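Asks: Have a look at this one.
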Amino acid sequence: DVVMENLIGDDVNRIPAILKERHAALHMYGKAEARPGRKMGHYTVLAADVDAALEQARALKETL
């Protein structure tokens, strides 16, 4: 199962934390400028079931 979290505005400054997560995949939209409220990309977290994916995605989001 997979869970997706959006990267909004300055969240892009925290990309290194996402790249360190083994089960996360980063997807950037190629926008040149980060602004408040602007979707800059997203990351997905893969796990054996949706509950585990949600738990991992929430834990990663807290590190951001």
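FYI, nothing fancy with the structure tokens labels: chains A, B, ... in order, residues from 1 per chain, ligands from 1 as they appear.
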Pick out each residue of chain A that DSSP on the backbone tags as alpha helix (DSSP H); I need them as a ChimeraX atom specification.

Replies: /A:15-20,50-63

Asks: I'd like the contact shell of stretch 46-56 of chain A - 8 Å cut-off, only C-alpha atoms, skipping same-chain residues fewer than 5 positions apart - returned as a PDB file with C-alpha atoms, in the first residue's frame.

Replies:
```pdb
ATOM      1  CA  ASP A   1       0.000   0.000   0.000  1.00  0.00           C
ATOM      2  CA  VAL A   2       1.083   3.591  -0.512  1.00  0.00           C
ATOM      3  CA  VAL A   3       0.398   6.942   1.142  1.00  0.00           C
ATOM      4  CA  HIS A  23      10.504   3.429   1.808  1.00  0.00           C
ATOM      5  CA  ALA A  24       9.813   6.961   0.545  1.00  0.00           C
TER       6      ALA A  24
END
```

Asks: Could you name the residues that touch A:Met28 at 7 Å or less, counting only C-alpha atoms, but leaving out those on the same chain fewer than 2 positions away, as a PyMOL selection string?

Replies: chain A and resi 26+30+40-42

Asks: Convert the current residue selection to file output with C-alpha atoms, as a CSV table (one decimal), in the first residue's frame.

Replies:
```csv
chain,number,residue,atom,x,y,z
A,26,LEU,CA,10.2,11.9,-3.9
A,30,GLY,CA,9.9,21.3,-11.4
A,40,MET,CA,6.0,21.9,-5.0
A,41,GLY,CA,5.9,18.1,-5.1
A,42,HIS,CA,5.0,15.1,-3.1
```

Asks: Name the residues of chain A that come out as strand (DSSP E) in a backbone DSSP run; write them as a PDB file with N, CA, C and O atoms, in the first residue's frame.

Replies:
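Wrote states_33.pdb, looks like this:
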```pdb
ATOM      1  N   VAL A   2       0.323   2.346  -0.410  1.00  0.00           N
ATOM      2  CA  VAL A   2       1.083   3.591  -0.512  1.00  0.00           C
ATOM      3  C   VAL A   2       0.272   4.747   0.061  1.00  0.00           C
ATOM      4  O   VAL A   2      -0.949   4.748  -0.014  1.00  0.00           O
ATOM      5  N   VAL A   3       0.993   5.702   0.648  1.00  0.00           N
ATOM      6  CA  VAL A   3       0.398   6.942   1.142  1.00  0.00           C
ATOM      7  C   VAL A   3       1.172   8.091   0.518  1.00  0.00           C
ATOM      8  O   VAL A   3       2.398   8.034   0.390  1.00  0.00           O
ATOM      9  N   MET A   4       0.462   9.152   0.119  1.00  0.00           N
ATOM     10  CA  MET A   4       1.093  10.314  -0.498  1.00  0.00           C
ATOM     11  C   MET A   4       0.904  11.534   0.403  1.00  0.00           C
ATOM     12  O   MET A   4      -0.174  11.741   0.959  1.00  0.00           O
ATOM     13  N   GLU A   5       1.969  12.324   0.542  1.00  0.00           N
ATOM     14  CA  GLU A   5       1.924  13.598   1.269  1.00  0.00           C
ATOM     15  C   GLU A   5       2.445  14.691   0.338  1.00  0.00           C
ATOM     16  O   GLU A   5       3.477  14.517  -0.312  1.00  0.00           O
ATOM     17  N   ASN A   6       1.739  15.803   0.271  1.00  0.00           N
ATOM     18  CA  ASN A   6       2.180  16.929  -0.551  1.00  0.00           C
ATOM     19  C   ASN A   6       3.306  17.697   0.130  1.00  0.00           C
ATOM     20  O   ASN A   6       3.375  17.761   1.359  1.00  0.00           O
ATOM     21  N   LEU A   7       4.165  18.286  -0.680  1.00  0.00           N
ATOM     22  CA  LEU A   7       5.191  19.218  -0.216  1.00  0.00           C
ATOM     23  C   LEU A   7       4.710  20.607  -0.612  1.00  0.00           C
ATOM     24  O   LEU A   7       4.567  20.912  -1.791  1.00  0.00           O
ATOM     25  N   ILE A   8       4.441  21.430   0.384  1.00  0.00           N
ATOM     26  CA  ILE A   8       3.868  22.754   0.166  1.00  0.00           C
ATOM     27  C   ILE A   8       4.900  23.820   0.530  1.00  0.00           C
ATOM     28  O   ILE A   8       5.474  23.789   1.625  1.00  0.00           O
ATOM     29  N   ALA A  24      10.447   5.764   1.104  1.00  0.00           N
ATOM     30  CA  ALA A  24       9.813   6.961   0.545  1.00  0.00           C
ATOM     31  C   ALA A  24      10.380   7.261  -0.837  1.00  0.00           C
ATOM     32  O   ALA A  24      11.558   7.041  -1.102  1.00  0.00           O
ATOM     33  N   ALA A  25       9.518   7.752  -1.701  1.00  0.00           N
ATOM     34  CA  ALA A  25       9.924   8.178  -3.043  1.00  0.00           C
ATOM     35  C   ALA A  25       9.508   9.636  -3.215  1.00  0.00           C
ATOM     36  O   ALA A  25       8.370  10.008  -2.910  1.00  0.00           O
ATOM     37  N   LEU A  26      10.419  10.444  -3.691  1.00  0.00           N
ATOM     38  CA  LEU A  26      10.190  11.874  -3.855  1.00  0.00           C
ATOM     39  C   LEU A  26       9.795  12.178  -5.292  1.00  0.00           C
ATOM     40  O   LEU A  26      10.389  11.643  -6.238  1.00  0.00           O
ATOM     41  N   HIS A  27       8.797  13.046  -5.452  1.00  0.00           N
ATOM     42  CA  HIS A  27       8.311  13.455  -6.775  1.00  0.00           C
ATOM     43  C   HIS A  27       8.203  14.981  -6.781  1.00  0.00           C
ATOM     44  O   HIS A  27       7.330  15.542  -6.117  1.00  0.00           O
ATOM     45  N   MET A  28       9.101  15.638  -7.486  1.00  0.00           N
ATOM     46  CA  MET A  28       9.097  17.104  -7.562  1.00  0.00           C
ATOM     47  C   MET A  28       8.437  17.538  -8.871  1.00  0.00           C
ATOM     48  O   MET A  28       8.565  16.868  -9.886  1.00  0.00           O
ATOM     49  N   LYS A  39       1.933  23.945  -4.163  1.00  0.00           N
ATOM     50  CA  LYS A  39       2.377  22.555  -4.214  1.00  0.00           C
ATOM     51  C   LYS A  39       3.657  22.470  -5.035  1.00  0.00           C
ATOM     52  O   LYS A  39       3.684  22.798  -6.221  1.00  0.00           O
ATOM     53  N   MET A  40       4.710  22.000  -4.378  1.00  0.00           N
ATOM     54  CA  MET A  40       6.015  21.905  -5.023  1.00  0.00           C
ATOM     55  C   MET A  40       6.349  20.475  -5.442  1.00  0.00           C
ATOM     56  O   MET A  40       7.212  20.244  -6.263  1.00  0.00           O
ATOM     57  N   GLY A  41       5.657  19.527  -4.850  1.00  0.00           N
ATOM     58  CA  GLY A  41       5.896  18.120  -5.138  1.00  0.00           C
ATOM     59  C   GLY A  41       5.165  17.282  -4.113  1.00  0.00           C
ATOM     60  O   GLY A  41       4.314  17.772  -3.382  1.00  0.00           O
ATOM     61  N   HIS A  42       5.522  15.999  -4.068  1.00  0.00           N
ATOM     62  CA  HIS A  42       4.961  15.120  -3.061  1.00  0.00           C
ATOM     63  C   HIS A  42       5.917  13.962  -2.831  1.00  0.00           C
ATOM     64  O   HIS A  42       6.853  13.759  -3.591  1.00  0.00           O
ATOM     65  N   TYR A  43       5.672  13.251  -1.754  1.00  0.00           N
ATOM     66  CA  TYR A  43       6.402  12.008  -1.546  1.00  0.00           C
ATOM     67  C   TYR A  43       5.404  10.907  -1.251  1.00  0.00           C
ATOM     68  O   TYR A  43       4.302  11.160  -0.768  1.00  0.00           O
ATOM     69  N   THR A  44       5.797   9.700  -1.607  1.00  0.00           N
ATOM     70  CA  THR A  44       4.979   8.534  -1.331  1.00  0.00           C
ATOM     71  C   THR A  44       5.748   7.611  -0.402  1.00  0.00           C
ATOM     72  O   THR A  44       6.975   7.557  -0.447  1.00  0.00           O
ATOM     73  N   VAL A  45       5.028   6.905   0.435  1.00  0.00           N
ATOM     74  CA  VAL A  45       5.620   5.935   1.352  1.00  0.00           C
ATOM     75  C   VAL A  45       4.959   4.585   1.098  1.00  0.00           C
ATOM     76  O   VAL A  45       3.733   4.480   1.126  1.00  0.00           O
ATOM     77  N   LEU A  46       5.775   3.569   0.843  1.00  0.00           N
ATOM     78  CA  LEU A  46       5.294   2.218   0.590  1.00  0.00           C
ATOM     79  C   LEU A  46       5.412   1.383   1.856  1.00  0.00           C
ATOM     80  O   LEU A  46       6.393   1.495   2.586  1.00  0.00           O
TER      81      LEU A  46
END
```

Asks: Taking into account only C-alpha atoms, which residue in the set A:Gly9, A:Ala59, A:Arg14, A:Leu64 is nearest to A:Lys31?

Replies: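 Closest to A:Lys31 of all the choices is A:Gly9.
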
Asks: What does the structure give for the distance between atom CA of A:Pro16 and atom CA of A:Ala57, in Å to one decimal?

Replies: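 Straight-line distance from atom CA of A:Pro16 to atom CA of A:Ala57 works out to 15.1 Å.
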
Asks: Looking at A:Glu62, A:Ala17, A:Asp11, A:Arg22, which one is nearest to A:Ala34, with distances taken over only C-alpha atoms?

Replies: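 Once distances to A:Ala34 are computed over only C-alpha atoms, the minimum belongs to A:Asp11.
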